[in-house]
Amino acid sequence: MLDYIFIYIGTLIAAMGINLFLVPAKLAPGGVTGISIIVNSFTGISLGNLMFIINIPIFLVGLKVFGKAYGLKTLLGITFLSFNIDIIKYIIPNYQSLVDFTKGGNLFLAPIYGGLFMGIGLGTVMKSGGTTGGSDIVAGILNKYFRIPMGQAFIMIDFCVISTAAYIFGIEKALYALINLYTTGVVINKVIEGKGGAKMAYIVTSKYEEVKNIIIRDLNKTGNLFRAEALYTGNERKIIMTVLRNREVFLLKELISGVDKEAFVIISDAHEVMGRGYTFEVEPGGKKKNG
């Protein structure tokens with residue numbers, strides 16, 4: 001229950017960042033939020049409704065691709081964010097005029113404070129095990145079917161949205177949107193990781209080959225295998241250890257749940273990491289990938 005409360009609080013904070021700073025400044029920061037702001041500027045359709053309408057088909061595809069385990073917290077994240085986007089007008093009257101973005105110097109406040117609010121909000125949602133749909137789902141699908149690393153998939157999606165915004169709102173607004181995107185990412189990492197710079201996963205599973213393929217083929221990572229003995233039964237167990245970036249943890253858990261619902265997974269902070277499989281991507285077989 002506490003996770004659901006934090007998911008709601010996180011989406012409310014993110015909604016404040018979007019409504020108070022991004023929409024009045026006409027900044028489209030990538031993803032479903034950026035697409036919705038662009039469409040809203042032409043149609044006047046409620047931003048919350050637009051985000052919900054765009055997100056639900058993406059969510060249903062994600063549900064089909066990743067299974068039922070993908071479900072409730074992501075659906076709640078999508079619904080809460082869409083609801084809070086539209087409810088802000090009743091909580092904060094005249095919210096769009098709190099800062100006058102028609103003055104050139106003030107426009108810089110929008111990507112900074114918008115990114116701060118969005119980063120805290122979305123980071124809180126992700127730390128509680130949820131997502132707000134959109135880019136997270138699409139990036140996961142691109143990774144699964146086209147072997148595009150998650151980081152590159154996010155860049156591709158956001159580049160397409162911001163390029164469209166540049167054509168519509170102008171290059172200057174697009175450059176500000178990039179600042180917002182960077183600020184949001186930095187704050188999300190701080191919220192999720194705390195003092196840690198990465199996440200370390202220990203996985204105890206009877207489906208060793210399937211989980212191994214998830215780490216190598218789907219996440220483009222590597223890891224190590226440990227052999228252990230169960231204290232109670234005395235049976236031999238295989239334990240996989242791997243290190244991930246924060247956004248990859250959610251996908252790892254969903255993919256593992258799809259092949260072994262009884263897998264025992266421990267996620268902890270890793271404070272300093274270097275070497276193959278984390279500081280660069282690897283190809284199946286453990287070879288270093290160029291670039």
# chains A, B, ... in the order shown; residues from 1 in each chain; ligands from 1
call {"tool": "select_by_dssp", "arguments": {"residues": "stretch 39-233 of chain A", "states": "strand (DSSP E)", "output": "list in words"}}
result
Ala198, Lys199, Met200, Ala201, Tyr202, Ile203, Val204, Asn224, Leu225, Phe226, Arg227, Ala228 and Glu229 of chain A
call {"tool": "write_last_selection", "arguments": {"atoms": "all heavy atoms", "output": "short mmCIF file (atom, residue, chain, number, x, y, z; two decimals), in the first residue's frame"}}
result
data_model
loop_
_atom_site.label_atom_id
_atom_site.label_comp_id
_atom_site.auth_asym_id
_atom_site.auth_seq_id
_atom_site.Cartn_x
_atom_site.Cartn_y
_atom_site.Cartn_z
N ALA A 198 25.20 2.65 -9.06
CA ALA A 198 24.67 1.59 -9.91
C ALA A 198 23.89 0.63 -9.03
O ALA A 198 23.83 0.79 -7.82
CB ALA A 198 25.83 0.87 -10.62
N LYS A 199 23.28 -0.36 -9.68
CA LYS A 199 22.53 -1.37 -8.95
C LYS A 199 23.17 -2.74 -9.18
O LYS A 199 23.51 -3.09 -10.31
CB LYS A 199 21.08 -1.39 -9.40
CG LYS A 199 20.32 -0.10 -9.13
CD LYS A 199 20.18 0.17 -7.65
CE LYS A 199 19.43 1.47 -7.40
NZ LYS A 199 19.32 1.78 -5.97
N MET A 200 23.32 -3.50 -8.11
CA MET A 200 23.86 -4.85 -8.21
C MET A 200 22.73 -5.84 -7.95
O MET A 200 21.97 -5.68 -6.98
CB MET A 200 24.99 -5.04 -7.21
CG MET A 200 25.66 -6.41 -7.30
SD MET A 200 27.29 -6.40 -6.48
CE MET A 200 26.85 -5.83 -4.83
N ALA A 201 22.59 -6.84 -8.81
CA ALA A 201 21.53 -7.82 -8.68
C ALA A 201 22.10 -9.21 -8.45
O ALA A 201 23.01 -9.64 -9.16
CB ALA A 201 20.66 -7.82 -9.93
N TYR A 202 21.57 -9.90 -7.43
CA TYR A 202 21.85 -11.31 -7.21
C TYR A 202 20.56 -12.07 -7.50
O TYR A 202 19.50 -11.75 -6.95
CB TYR A 202 22.28 -11.56 -5.76
CG TYR A 202 23.65 -11.05 -5.42
CD1 TYR A 202 23.84 -9.80 -4.84
CD2 TYR A 202 24.79 -11.82 -5.70
CE1 TYR A 202 25.09 -9.33 -4.53
CE2 TYR A 202 26.06 -11.35 -5.39
CZ TYR A 202 26.20 -10.10 -4.81
OH TYR A 202 27.46 -9.64 -4.51
N ILE A 203 20.65 -13.07 -8.35
CA ILE A 203 19.46 -13.80 -8.79
C ILE A 203 19.65 -15.28 -8.53
O ILE A 203 20.59 -15.91 -9.05
CB ILE A 203 19.21 -13.58 -10.30
CG1 ILE A 203 19.16 -12.08 -10.61
CG2 ILE A 203 17.92 -14.28 -10.74
CD1 ILE A 203 19.61 -11.73 -12.00
N VAL A 204 18.76 -15.85 -7.71
CA VAL A 204 18.75 -17.30 -7.46
C VAL A 204 17.59 -17.87 -8.26
O VAL A 204 16.43 -17.51 -8.02
CB VAL A 204 18.57 -17.61 -5.96
CG1 VAL A 204 18.63 -19.11 -5.73
CG2 VAL A 204 19.63 -16.89 -5.13
N ASN A 224 28.37 -12.86 -13.42
CA ASN A 224 29.11 -14.02 -12.93
C ASN A 224 28.16 -15.04 -12.33
O ASN A 224 27.08 -14.69 -11.82
CB ASN A 224 30.13 -13.58 -11.86
CG ASN A 224 31.25 -12.73 -12.46
OD1 ASN A 224 32.11 -13.22 -13.18
ND2 ASN A 224 31.22 -11.44 -12.16
N LEU A 225 28.59 -16.29 -12.39
CA LEU A 225 27.81 -17.39 -11.83
C LEU A 225 28.51 -17.92 -10.57
O LEU A 225 29.71 -18.17 -10.58
CB LEU A 225 27.68 -18.53 -12.85
CG LEU A 225 27.11 -19.85 -12.33
CD1 LEU A 225 25.66 -19.68 -11.91
CD2 LEU A 225 27.25 -20.95 -13.38
N PHE A 226 27.72 -18.05 -9.50
CA PHE A 226 28.22 -18.65 -8.27
C PHE A 226 27.40 -19.92 -7.98
O PHE A 226 26.20 -19.96 -8.24
CB PHE A 226 28.07 -17.69 -7.08
CG PHE A 226 28.79 -16.39 -7.25
CD1 PHE A 226 28.13 -15.27 -7.73
CD2 PHE A 226 30.13 -16.29 -6.94
CE1 PHE A 226 28.79 -14.06 -7.89
CE2 PHE A 226 30.81 -15.09 -7.09
CZ PHE A 226 30.15 -13.98 -7.56
N ARG A 227 28.08 -20.92 -7.45
CA ARG A 227 27.37 -22.13 -7.04
C ARG A 227 27.28 -22.13 -5.52
O ARG A 227 28.26 -21.91 -4.83
CB ARG A 227 28.09 -23.38 -7.56
CG ARG A 227 28.17 -23.41 -9.08
CD ARG A 227 28.77 -24.70 -9.61
NE ARG A 227 28.95 -24.63 -11.04
CZ ARG A 227 28.01 -24.89 -11.93
NH1 ARG A 227 26.80 -25.24 -11.51
NH2 ARG A 227 28.25 -24.80 -13.23
N ALA A 228 26.06 -22.39 -5.02
CA ALA A 228 25.83 -22.35 -3.58
C ALA A 228 24.97 -23.54 -3.17
O ALA A 228 24.42 -24.25 -4.01
CB ALA A 228 25.16 -21.04 -3.20
N GLU A 229 24.88 -23.73 -1.87
CA GLU A 229 24.07 -24.83 -1.34
C GLU A 229 22.98 -24.26 -0.45
O GLU A 229 23.23 -23.42 0.43
CB GLU A 229 24.96 -25.78 -0.53
CG GLU A 229 24.21 -26.98 0.04
CD GLU A 229 25.13 -27.91 0.82
OE1 GLU A 229 26.06 -28.48 0.19
OE2 GLU A 229 24.93 -28.04 2.04
#
call {"tool": "residues_around", "arguments": {"residues": "A:Asp158", "least_positions_apart": "3", "cutoff": "12 Å", "atoms": "only C-alpha atoms", "output": "PDB file with C-alpha atoms, in the first residue's frame"}}
result
ATOM      1  CA  ALA A  28       8.327  19.431 -25.142  1.00  0.00           C
ATOM      2  CA  PRO A  29      10.870  17.314 -23.246  1.00  0.00           C
ATOM      3  CA  GLY A  30      10.539  14.053 -25.158  1.00  0.00           C
ATOM      4  CA  GLY A  31       8.388  10.983 -24.624  1.00  0.00           C
ATOM      5  CA  VAL A  32       4.618  10.960 -24.266  1.00  0.00           C
ATOM      6  CA  THR A  33       4.741  14.196 -22.260  1.00  0.00           C
ATOM      7  CA  GLY A  34       6.412  16.010 -25.154  1.00  0.00           C
ATOM      8  CA  ILE A  35       4.024  14.563 -27.748  1.00  0.00           C
ATOM      9  CA  GLY A 134       5.531   6.047 -22.461  1.00  0.00           C
ATOM     10  CA  SER A 135       9.244   5.956 -23.256  1.00  0.00           C
ATOM     11  CA  ASP A 136      10.003   3.268 -20.662  1.00  0.00           C
ATOM     12  CA  VAL A 138       8.723   1.689 -25.934  1.00  0.00           C
ATOM     13  CA  ALA A 139      12.428   1.496 -25.020  1.00  0.00           C
ATOM     14  CA  GLY A 151      20.038   4.029 -23.215  1.00  0.00           C
ATOM     15  CA  GLN A 152      20.167   4.328 -26.993  1.00  0.00           C
ATOM     16  CA  ALA A 153      16.443   3.588 -27.259  1.00  0.00           C
ATOM     17  CA  PHE A 154      15.611   6.473 -24.897  1.00  0.00           C
ATOM     18  CA  ILE A 155      17.847   8.806 -26.918  1.00  0.00           C
ATOM     19  CA  VAL A 161       9.984  14.173 -30.166  1.00  0.00           C
ATOM     20  CA  ILE A 162      12.334  17.110 -29.577  1.00  0.00           C
ATOM     21  CA  SER A 163      13.093  17.390 -33.301  1.00  0.00           C
ATOM     22  CA  THR A 164       9.363  17.677 -33.950  1.00  0.00           C
ATOM     23  CA  ALA A 165       9.085  20.301 -31.202  1.00  0.00           C
ATOM     24  CA  ALA A 166      11.995  22.225 -32.758  1.00  0.00           C
ATOM     25  CA  ALA A 174      14.104  22.643 -28.360  1.00  0.00           C
ATOM     26  CA  ALA A 177      13.877  21.136 -23.756  1.00  0.00           C
ATOM     27  CA  LEU A 178      17.225  19.326 -23.931  1.00  0.00           C
ATOM     28  CA  ASN A 180      15.064  19.869 -19.108  1.00  0.00           C
ATOM     29  CA  LEU A 181      15.698  16.332 -20.319  1.00  0.00           C
ATOM     30  CA  TYR A 182      19.197  16.342 -18.835  1.00  0.00           C
TER      31      TYR A 182
END
call {"tool": "residues_around", "arguments": {"residues": "A:Asn246", "least_positions_apart": "6", "cutoff": "10 Å", "atoms": "only C-alpha atoms", "output": "VMD selection string"}}
result
chain A and resid 126 to 127 188 to 189 192 to 193 197 to 200 269
call {"tool": "residues_around", "arguments": {"residues": "A:Leu63", "least_positions_apart": "3", "cutoff": "12 Å", "atoms": "only C-alpha atoms", "output": "compact mmCIF listing (two decimals) with all heavy atoms, in the first residue's frame"}}
result
# COMPACT_ATOMS: atom_id res chain seq x y z
N ILE A 56 -2.24 4.48 -23.03
CA ILE A 56 -2.94 3.21 -22.85
C ILE A 56 -2.63 2.19 -23.94
O ILE A 56 -2.33 1.03 -23.64
CB ILE A 56 -4.47 3.45 -22.72
CG1 ILE A 56 -4.78 4.06 -21.35
CG2 ILE A 56 -5.25 2.15 -22.89
CD1 ILE A 56 -4.33 3.21 -20.17
N PRO A 57 -2.66 2.56 -25.24
CA PRO A 57 -2.25 1.57 -26.26
C PRO A 57 -0.82 1.08 -26.07
O PRO A 57 -0.53 -0.10 -26.26
CB PRO A 57 -2.40 2.33 -27.59
CG PRO A 57 -3.33 3.45 -27.29
CD PRO A 57 -3.09 3.82 -25.87
N ILE A 58 0.09 2.00 -25.69
CA ILE A 58 1.48 1.60 -25.43
C ILE A 58 1.54 0.63 -24.26
O ILE A 58 2.25 -0.38 -24.30
CB ILE A 58 2.35 2.84 -25.14
CG1 ILE A 58 2.39 3.78 -26.35
CG2 ILE A 58 3.77 2.43 -24.75
CD1 ILE A 58 3.10 5.10 -26.09
N PHE A 59 0.76 0.90 -23.21
CA PHE A 59 0.71 0.02 -22.05
C PHE A 59 0.20 -1.37 -22.44
O PHE A 59 0.75 -2.39 -21.99
CB PHE A 59 -0.20 0.62 -20.98
CG PHE A 59 -0.52 -0.33 -19.86
CD1 PHE A 59 0.42 -0.63 -18.89
CD2 PHE A 59 -1.76 -0.94 -19.80
CE1 PHE A 59 0.12 -1.52 -17.86
CE2 PHE A 59 -2.07 -1.84 -18.78
CZ PHE A 59 -1.12 -2.13 -17.82
N LEU A 60 -0.85 -1.44 -23.27
CA LEU A 60 -1.41 -2.74 -23.66
C LEU A 60 -0.41 -3.55 -24.47
O LEU A 60 -0.32 -4.77 -24.32
CB LEU A 60 -2.70 -2.51 -24.47
CG LEU A 60 -3.87 -1.92 -23.67
CD1 LEU A 60 -5.05 -1.63 -24.60
CD2 LEU A 60 -4.28 -2.86 -22.54
N PHE A 66 5.57 -8.09 -22.22
CA PHE A 66 6.26 -8.42 -20.98
C PHE A 66 5.42 -9.23 -19.99
O PHE A 66 5.93 -9.68 -18.97
CB PHE A 66 6.74 -7.13 -20.30
CG PHE A 66 7.70 -6.34 -21.13
CD1 PHE A 66 7.37 -5.07 -21.59
CD2 PHE A 66 8.93 -6.86 -21.49
CE1 PHE A 66 8.24 -4.34 -22.36
CE2 PHE A 66 9.82 -6.12 -22.27
CZ PHE A 66 9.47 -4.87 -22.71
N GLY A 67 4.13 -9.41 -20.29
CA GLY A 67 3.30 -10.25 -19.43
C GLY A 67 2.59 -9.47 -18.33
O GLY A 67 2.79 -8.27 -18.14
N LYS A 68 1.76 -10.19 -17.56
CA LYS A 68 0.92 -9.57 -16.54
C LYS A 68 1.73 -8.92 -15.42
O LYS A 68 1.26 -8.00 -14.76
CB LYS A 68 -0.03 -10.61 -15.94
CG LYS A 68 -1.08 -11.10 -16.93
CD LYS A 68 -2.01 -12.11 -16.27
CE LYS A 68 -3.06 -12.59 -17.25
NZ LYS A 68 -3.96 -13.61 -16.64
N ALA A 69 2.93 -9.42 -15.19
CA ALA A 69 3.75 -8.85 -14.12
C ALA A 69 4.05 -7.39 -14.38
O ALA A 69 4.40 -6.64 -13.47
CB ALA A 69 5.06 -9.64 -13.99
N TYR A 70 3.91 -6.96 -15.63
CA TYR A 70 4.22 -5.58 -15.99
C TYR A 70 3.23 -4.60 -15.38
O TYR A 70 3.55 -3.45 -15.19
CB TYR A 70 4.17 -5.46 -17.52
CG TYR A 70 4.83 -4.23 -18.03
CD1 TYR A 70 6.20 -4.16 -18.15
CD2 TYR A 70 4.09 -3.10 -18.36
CE1 TYR A 70 6.82 -3.02 -18.61
CE2 TYR A 70 4.71 -1.95 -18.82
CZ TYR A 70 6.07 -1.92 -18.94
OH TYR A 70 6.68 -0.79 -19.37
N GLY A 71 2.04 -5.11 -15.04
CA GLY A 71 0.78 -4.42 -14.90
C GLY A 71 0.47 -3.32 -13.95
O GLY A 71 0.57 -2.17 -14.30
N LEU A 72 0.03 -3.64 -12.73
CA LEU A 72 -0.73 -2.71 -11.91
C LEU A 72 -0.02 -1.41 -11.62
O LEU A 72 -0.59 -0.32 -11.78
CB LEU A 72 -1.14 -3.39 -10.59
CG LEU A 72 -2.00 -2.54 -9.66
CD1 LEU A 72 -3.28 -2.11 -10.35
CD2 LEU A 72 -2.29 -3.28 -8.38
N LYS A 73 1.24 -1.47 -11.19
CA LYS A 73 1.93 -0.24 -10.80
C LYS A 73 2.16 0.69 -12.00
O LYS A 73 2.12 1.91 -11.86
CB LYS A 73 3.25 -0.56 -10.11
CG LYS A 73 3.08 -1.11 -8.71
CD LYS A 73 4.41 -1.33 -8.01
CE LYS A 73 4.21 -1.82 -6.59
NZ LYS A 73 5.49 -2.04 -5.88
N THR A 74 2.40 0.11 -13.17
CA THR A 74 2.55 0.94 -14.37
C THR A 74 1.22 1.57 -14.75
O THR A 74 1.16 2.77 -15.08
CB THR A 74 3.09 0.10 -15.54
OG1 THR A 74 4.40 -0.36 -15.22
CG2 THR A 74 3.15 0.92 -16.82
N LEU A 75 0.14 0.79 -14.70
CA LEU A 75 -1.19 1.34 -15.01
C LEU A 75 -1.56 2.45 -14.04
O LEU A 75 -2.10 3.49 -14.43
CB LEU A 75 -2.23 0.22 -14.96
CG LEU A 75 -3.67 0.64 -15.30
CD1 LEU A 75 -3.75 1.23 -16.70
CD2 LEU A 75 -4.63 -0.54 -15.16
N GLY A 133 4.76 4.82 -17.86
CA GLY A 133 4.54 4.35 -19.23
C GLY A 133 5.41 5.08 -20.24
O GLY A 133 6.54 5.47 -19.96
N ILE A 137 8.26 1.96 -21.73
CA ILE A 137 7.70 0.78 -22.38
C ILE A 137 8.25 0.64 -23.79
O ILE A 137 8.68 -0.45 -24.20
CB ILE A 137 6.16 0.85 -22.42
CG1 ILE A 137 5.60 0.92 -21.00
CG2 ILE A 137 5.58 -0.35 -23.15
CD1 ILE A 137 4.10 1.12 -20.93
N VAL A 138 8.24 1.75 -24.54
CA VAL A 138 8.72 1.69 -25.93
C VAL A 138 10.20 1.29 -25.97
O VAL A 138 10.61 0.48 -26.81
CB VAL A 138 8.51 3.05 -26.63
CG1 VAL A 138 9.09 3.03 -28.04
CG2 VAL A 138 7.02 3.39 -26.68
N GLY A 140 11.80 -0.52 -23.79
CA GLY A 140 11.87 -1.94 -23.47
C GLY A 140 11.53 -2.82 -24.66
O GLY A 140 12.15 -3.85 -24.90
N ILE A 141 10.53 -2.40 -25.44
CA ILE A 141 10.12 -3.17 -26.63
C ILE A 141 11.21 -3.11 -27.69
O ILE A 141 11.55 -4.14 -28.31
CB ILE A 141 8.79 -2.62 -27.18
CG1 ILE A 141 7.66 -2.90 -26.18
CG2 ILE A 141 8.46 -3.24 -28.54
CD1 ILE A 141 6.35 -2.19 -26.51
N GLU A 254 10.99 -7.53 -14.57
CA GLU A 254 9.84 -7.94 -15.35
C GLU A 254 10.16 -9.13 -16.25
O GLU A 254 9.37 -10.06 -16.37
CB GLU A 254 9.34 -6.77 -16.20
CG GLU A 254 8.89 -5.56 -15.41
CD GLU A 254 7.84 -5.91 -14.37
OE1 GLU A 254 6.93 -6.68 -14.69
OE2 GLU A 254 7.95 -5.42 -13.24
N LEU A 255 11.33 -9.11 -16.88
CA LEU A 255 11.72 -10.21 -17.77
C LEU A 255 11.95 -11.50 -16.98
O LEU A 255 11.57 -12.59 -17.43
CB LEU A 255 12.96 -9.83 -18.57
CG LEU A 255 12.78 -8.72 -19.61
CD1 LEU A 255 14.12 -8.33 -20.22
CD2 LEU A 255 11.82 -9.16 -20.70
N GLY A 258 8.80 -13.14 -16.06
CA GLY A 258 8.17 -13.82 -17.19
C GLY A 258 8.65 -15.24 -17.40
O GLY A 258 7.94 -16.06 -17.99
call {"tool": "closest_residue", "arguments": {"among": "A:Thr124, A:Phe159, A:Glu262, A:Gly62", "to": "A:Leu142", "atoms": "only C-alpha atoms"}}
result
A:Gly62
call {"tool": "atom_distance", "arguments": {"atom1": "atom CA of A:Ser36", "atom2": "atom CA of A:Thr183"}}
result
19.9 Å
call {"tool": "atom_distance", "arguments": {"atom1": "atom CA of A:Phe101", "atom2": "atom CA of A:Phe21"}}
result
8.7 Å
call {"tool": "residues_around", "arguments": {"residues": "A:Ser46", "least_positions_apart": "4", "cutoff": "12 Å", "atoms": "only C-alpha atoms", "output": "list in words"}}
result
Asn19, Val23, Ser36, Ile37, Ile38, Val39, Asn40, Ser41, Phe42, Leu50, Met51, Phe52, Ile53, Ser82, Phe83, Asn84, Ile85, Asp86, Ile87, Ile88 and Lys89 of chain A
call {"tool": "select_by_dssp", "arguments": {"residues": "stretch 35-172 of chain A", "states": "helix (DSSP H, G or I)", "output": "PyMOL selection string"}}
result
chain A and resi 35-43+47-66+68-91+95-97+104-127+135-146+150-169+171-172
call {"tool": "atom_distance", "arguments": {"atom1": "atom CA of A:Ile5", "atom2": "atom CA of A:Ser257"}}
result
23.7 Å
call {"tool": "residues_around", "arguments": {"residues": "A:Gly115", "least_positions_apart": "2", "cutoff": "10 Å", "atoms": "only C-alpha atoms", "output": "compact mmCIF listing (two decimals) with N, CA and C atoms, in the first residue's frame"}}
result
# COMPACT_ATOMS: atom_id res chain seq x y z
N ALA A 14 5.49 15.37 -10.32
CA ALA A 14 5.83 15.46 -11.75
C ALA A 14 4.81 16.32 -12.49
N GLY A 17 5.51 19.96 -12.06
CA GLY A 17 6.61 20.41 -12.91
C GLY A 17 6.17 20.64 -14.34
N ILE A 18 5.34 19.73 -14.85
CA ILE A 18 4.86 19.85 -16.23
C ILE A 18 3.95 21.06 -16.39
N PHE A 21 5.75 24.72 -15.31
CA PHE A 21 6.94 25.19 -16.02
C PHE A 21 6.97 24.81 -17.50
N LEU A 22 6.71 23.56 -17.84
CA LEU A 22 6.89 23.13 -19.23
C LEU A 22 5.78 23.62 -20.15
N PRO A 29 9.62 17.94 -23.67
CA PRO A 29 10.87 17.31 -23.25
C PRO A 29 11.05 15.86 -23.68
N LEU A 109 14.28 29.31 -16.35
CA LEU A 109 13.73 28.70 -15.15
C LEU A 109 12.91 27.46 -15.48
N ALA A 110 12.29 27.44 -16.65
CA ALA A 110 11.38 26.35 -17.02
C ALA A 110 12.08 24.99 -17.10
N PRO A 111 13.16 24.85 -17.87
CA PRO A 111 13.80 23.53 -17.93
C PRO A 111 14.46 23.12 -16.63
N ILE A 112 14.97 24.09 -15.87
CA ILE A 112 15.66 23.75 -14.62
C ILE A 112 14.66 23.27 -13.56
N TYR A 113 13.66 24.11 -13.27
CA TYR A 113 12.71 23.74 -12.23
C TYR A 113 11.71 22.68 -12.71
N PHE A 117 11.32 19.17 -10.64
CA PHE A 117 10.05 18.58 -10.20
C PHE A 117 9.81 17.22 -10.87
N MET A 118 10.05 17.14 -12.18
CA MET A 118 9.83 15.88 -12.89
C MET A 118 10.78 14.80 -12.40
N GLY A 119 12.04 15.17 -12.16
CA GLY A 119 13.02 14.19 -11.68
C GLY A 119 12.66 13.63 -10.33
N ILE A 120 12.26 14.51 -9.40
CA ILE A 120 11.86 14.05 -8.07
C ILE A 120 10.62 13.17 -8.17
N GLY A 121 9.65 13.63 -8.97
CA GLY A 121 8.40 12.88 -9.09
C GLY A 121 8.57 11.53 -9.76
N ALA A 177 14.45 22.45 -24.06
CA ALA A 177 13.88 21.14 -23.76
C ALA A 177 14.97 20.11 -23.48
N ILE A 179 17.83 20.79 -22.09
CA ILE A 179 18.28 21.07 -20.72
C ILE A 179 17.35 20.41 -19.72
N ASN A 180 16.05 20.51 -19.99
CA ASN A 180 15.06 19.87 -19.11
C ASN A 180 15.25 18.36 -19.07
N LEU A 181 15.51 17.78 -20.23
CA LEU A 181 15.70 16.33 -20.32
C LEU A 181 16.91 15.90 -19.49
N TYR A 182 17.98 16.66 -19.60
CA TYR A 182 19.20 16.34 -18.83
C TYR A 182 18.96 16.51 -17.33
N THR A 183 18.33 17.61 -16.95
CA THR A 183 18.07 17.86 -15.54
C THR A 183 17.19 16.77 -14.94
N THR A 184 16.15 16.39 -15.67
CA THR A 184 15.26 15.32 -15.20
C THR A 184 16.02 14.03 -14.99
N GLY A 185 16.87 13.66 -15.94
CA GLY A 185 17.64 12.42 -15.84
C GLY A 185 18.58 12.41 -14.65
N VAL A 186 19.27 13.54 -14.43
CA VAL A 186 20.20 13.63 -13.31
C VAL A 186 19.46 13.47 -11.98
N VAL A 187 18.33 14.18 -11.84
CA VAL A 187 17.58 14.13 -10.58
C VAL A 187 16.98 12.75 -10.36
N ILE A 188 16.46 12.12 -11.42
CA ILE A 188 15.92 10.75 -11.29
C ILE A 188 17.00 9.82 -10.75
call {"tool": "closest_residue", "arguments": {"among": "A:Gly77, A:Ala25, A:Leu12, A:Ile267", "to": "A:Ile91", "atoms": "only C-alpha atoms"}}
result
A:Leu12
call {"tool": "closest_residue", "arguments": {"among": "A:Asn235, A:Asn143, A:Ile168, A:Lys261", "to": "A:Ile215", "atoms": "only C-alpha atoms"}}
result
A:Asn143
call {"tool": "decode", "arguments": {"residues": "stretch 259-270 of chain A", "atoms": "N, CA, C and O atoms", "output": "PDB file, in the first residue's frame"}}
result
ATOM      1  N   VAL A 259       9.872 -15.550 -16.940  1.00  0.00           N
ATOM      2  CA  VAL A 259      10.409 -16.906 -17.147  1.00  0.00           C
ATOM      3  C   VAL A 259      10.484 -17.724 -15.864  1.00  0.00           C
ATOM      4  O   VAL A 259      10.507 -18.950 -15.904  1.00  0.00           O
ATOM      5  N   ASP A 260      10.536 -17.052 -14.709  1.00  0.00           N
ATOM      6  CA  ASP A 260      10.635 -17.782 -13.439  1.00  0.00           C
ATOM      7  C   ASP A 260      10.036 -16.939 -12.314  1.00  0.00           C
ATOM      8  O   ASP A 260      10.698 -16.094 -11.725  1.00  0.00           O
ATOM      9  N   LYS A 261       8.756 -17.187 -12.024  1.00  0.00           N
ATOM     10  CA  LYS A 261       8.063 -16.409 -10.998  1.00  0.00           C
ATOM     11  C   LYS A 261       8.567 -16.726  -9.594  1.00  0.00           C
ATOM     12  O   LYS A 261       8.279 -15.998  -8.647  1.00  0.00           O
ATOM     13  N   GLU A 262       9.316 -17.836  -9.435  1.00  0.00           N
ATOM     14  CA  GLU A 262       9.825 -18.201  -8.121  1.00  0.00           C
ATOM     15  C   GLU A 262      11.276 -17.774  -7.919  1.00  0.00           C
ATOM     16  O   GLU A 262      11.891 -18.108  -6.908  1.00  0.00           O
ATOM     17  N   ALA A 263      11.814 -17.027  -8.882  1.00  0.00           N
ATOM     18  CA  ALA A 263      13.203 -16.571  -8.758  1.00  0.00           C
ATOM     19  C   ALA A 263      13.343 -15.653  -7.544  1.00  0.00           C
ATOM     20  O   ALA A 263      12.440 -14.880  -7.220  1.00  0.00           O
ATOM     21  N   PHE A 264      14.476 -15.754  -6.876  1.00  0.00           N
ATOM     22  CA  PHE A 264      14.779 -14.921  -5.705  1.00  0.00           C
ATOM     23  C   PHE A 264      15.768 -13.862  -6.159  1.00  0.00           C
ATOM     24  O   PHE A 264      16.889 -14.187  -6.563  1.00  0.00           O
ATOM     25  N   VAL A 265      15.356 -12.598  -6.128  1.00  0.00           N
ATOM     26  CA  VAL A 265      16.167 -11.509  -6.679  1.00  0.00           C
ATOM     27  C   VAL A 265      16.478 -10.492  -5.580  1.00  0.00           C
ATOM     28  O   VAL A 265      15.572 -10.028  -4.879  1.00  0.00           O
ATOM     29  N   ILE A 266      17.748 -10.161  -5.425  1.00  0.00           N
ATOM     30  CA  ILE A 266      18.180  -9.152  -4.460  1.00  0.00           C
ATOM     31  C   ILE A 266      18.799  -7.994  -5.246  1.00  0.00           C
ATOM     32  O   ILE A 266      19.696  -8.207  -6.065  1.00  0.00           O
ATOM     33  N   ILE A 267      18.310  -6.771  -5.006  1.00  0.00           N
ATOM     34  CA  ILE A 267      18.844  -5.577  -5.650  1.00  0.00           C
ATOM     35  C   ILE A 267      19.458  -4.684  -4.581  1.00  0.00           C
ATOM     36  O   ILE A 267      18.824  -4.378  -3.570  1.00  0.00           O
ATOM     37  N   SER A 268      20.702  -4.264  -4.798  1.00  0.00           N
ATOM     38  CA  SER A 268      21.354  -3.384  -3.821  1.00  0.00           C
ATOM     39  C   SER A 268      22.168  -2.321  -4.549  1.00  0.00           C
ATOM     40  O   SER A 268      22.415  -2.423  -5.754  1.00  0.00           O
ATOM     41  N   ASP A 269      22.582  -1.286  -3.818  1.00  0.00           N
ATOM     42  CA  ASP A 269      23.408  -0.233  -4.394  1.00  0.00           C
ATOM     43  C   ASP A 269      24.837  -0.722  -4.583  1.00  0.00           C
ATOM     44  O   ASP A 269      25.380  -1.444  -3.749  1.00  0.00           O
ATOM     45  N   ALA A 270      25.440  -0.316  -5.693  1.00  0.00           N
ATOM     46  CA  ALA A 270      26.869  -0.534  -5.922  1.00  0.00           C
ATOM     47  C   ALA A 270      27.503   0.851  -5.996  1.00  0.00           C
ATOM     48  O   ALA A 270      27.148   1.655  -6.844  1.00  0.00           O
TER      49      ALA A 270
END
